[in-house]
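Structure first, then comments.
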Amino acid sequence: MSAPALPLAFRIGFLPVDIWDVFDVLIVGYLIYWLYRLLRGSIALNIFVGIVALFFSYLAFTALGMDLLSNILNQFIQVGFISLIIIFQPEVRRFLLLLGSSTIKQRDSFWNRLLGREEFDREKAPQTAVVRRAFLRLARQRTGALIVCTQEADPSTVITGGTELNADISYGLLVSIFHKESPLHDGAVLVSNRRIIKASAILPVSENSDLPAAVGLRHRAAVGVTEKVDVACFIISEETGKISFAYGGALERGISEERLTELLDMYL
Ligand SMILES: Nc1ncnc2c1ncn2[C@@H]1O[C@H](COP(=O)(O)OP(=O)(O)OP(=O)(O)O)[C@@H](O)[C@H]1O
């Protein structure tokens, strides 16, 4: 069923424009803007620009009646949607991950508010304080650290190696793991629902070219793991003692103590 005919909004030269055309252009513009934000900094942006160039070349060759060229390009365009999903698999995955996790978080906070579920947070509070104290000590001492926190997601396919601990979180344990003399200090600690699952784990490193050049491997690994799976990552820089936070492929550098508390409350 076609949309009901509405009066013309205006004309551009000979082109009649109605309200549906205006919505059409606004929605497509918004989608392209989000696509650009999602792809910015990754090599997928270059591929995307290449595909757009290919599409416009096809339109131009067809309009000019250059049949052979337009037929060849048409073959590429035919496989369009499926090949786009294959090429942009990491980006599509990241997009769905962010969409899904923000929807779940919104839904959870709605139900928690509705049912007055405050106990869960109160139960979390002592551990948040313990982890916060450990992070601040590590930062003060300029001891490098990398901690991945997961609540729902199972990151075992992307986080490899390490030593299984499966221990309750404690100030002493966290500080000892990252002590420079500790055999477990190299790599990341994985925390799941406020238990230390493993230490010395290896994370996938991000290839995002948008990250500042000064960002080293520890920070890139934090960004990398959050690009692939719904986890949050805290980083303590050995060089500067600053605490940073990565989530959904984005890096927040040098967070304040207040922000640290807020993030631990949300993601620990
Ligand atoms: N893929 C990885 N997975 C887990 N840990 C890693 C990974 N890559 C590096 N690290 C950790 O980061 C340390 C090296 O950090 P590097 O100095 O390169 O990074 P950085 O981001 O500059 O951090 P800093 O500010 O602490 O120096 C390694 O010793 C190791 O413990």
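If you're wondering about the labels, chains in the structure tokens are A, B, ... by order shown, residues count from 1 in each chain, ligands from 1 in order shown.
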
Go through the chains and note each residue within 8 Å of ligand 1, using only C-alpha atoms and all ligand atoms, then give the set as number ranges by chain.
A: 143-146, 185-188, 200-205, 214-222, 235-242

Residue neighbourhood A:Arg253, 7 Å, only C-alpha atoms, exclusion window fewer than 2 positions, as a compact mmCIF listing (two decimals) with N, CA and C atoms, in the first residue's frame:
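The result, written out as result04.txt:
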```txt
# COMPACT_ATOMS: atom_id res chain seq x y z
N ILE A 243 44.27 6.35 35.11
CA ILE A 243 43.32 5.24 34.93
C ILE A 243 42.46 5.57 33.72
N SER A 244 42.32 4.61 32.80
CA SER A 244 41.48 4.81 31.62
C SER A 244 40.43 3.71 31.56
N PHE A 245 39.45 3.92 30.69
CA PHE A 245 38.33 2.98 30.61
C PHE A 245 37.97 2.76 29.15
N LEU A 251 37.75 4.64 23.91
CA LEU A 251 38.67 4.76 25.05
C LEU A 251 38.47 6.10 25.74
N ILE A 255 40.51 9.04 33.64
CA ILE A 255 39.23 9.30 34.29
C ILE A 255 39.45 9.77 35.74
```

Going by DSSP on the backbone, which bits of stretch 5-253 of chain A are helix (DSSP H, G or I)? Write them as a ChimeraX atom specification, please.
/A:19-39,44-64,67-78,80-87,89-115,119-140,155-157,171-178,217-228

Counting only C-alpha atoms, the residue among A:Glu181, A:Glu207, A:Asp24, A:Asp18 that lies closest to A:Gly224 is A:Glu207

Excluding stretch 76-78 of chain A and its own-chain neighbours fewer than 4 positions away, which residues fall within 9 Å of it when counting only C-alpha atoms? Please give them as a PyMOL selection string.
chain A and resi 51+54-55+58+72

Writer output for current selection, C-alpha atoms, as a compact mmCIF listing (two decimals), in the first residue's frame:
```txt
# COMPACT_ATOMS: atom_id res chain seq x y z
CA ILE A 51 31.81 0.48 -2.68
CA LEU A 54 31.68 1.57 -7.53
CA PHE A 55 27.93 2.15 -7.21
CA TYR A 58 27.76 1.83 -12.29
CA ILE A 72 30.60 -6.06 -15.12
```

Selection: 8 Å around A:Val231, only C-alpha atoms, excl. self and same-chain fewer than 4 positions, as a PDB file with C-alpha atoms, in the first residue's frame:
```pdb
ATOM      1  CA  VAL A 148      38.333  -6.869  31.952  1.00  0.00           C
ATOM      2  CA  CYS A 149      34.870  -6.944  33.579  1.00  0.00           C
ATOM      3  CA  THR A 150      32.018  -8.989  32.205  1.00  0.00           C
ATOM      4  CA  GLN A 151      28.469  -9.477  33.470  1.00  0.00           C
ATOM      5  CA  ALA A 153      28.898 -11.991  27.970  1.00  0.00           C
ATOM      6  CA  PRO A 155      34.493 -13.625  26.407  1.00  0.00           C
ATOM      7  CA  VAL A 225      38.515  -6.739  23.524  1.00  0.00           C
ATOM      8  CA  THR A 226      35.624  -4.276  23.913  1.00  0.00           C
ATOM      9  CA  TYR A 247      33.874   0.176  26.313  1.00  0.00           C
ATOM     10  CA  GLY A 248      32.334  -0.557  22.912  1.00  0.00           C
TER      11      GLY A 248
END
```

Env of A:Phe48: 10 Å cut, atoms = only C-alpha atoms, seq-sep filter 2 positions within chain, self excluded. Answer as a count of residues only.
15
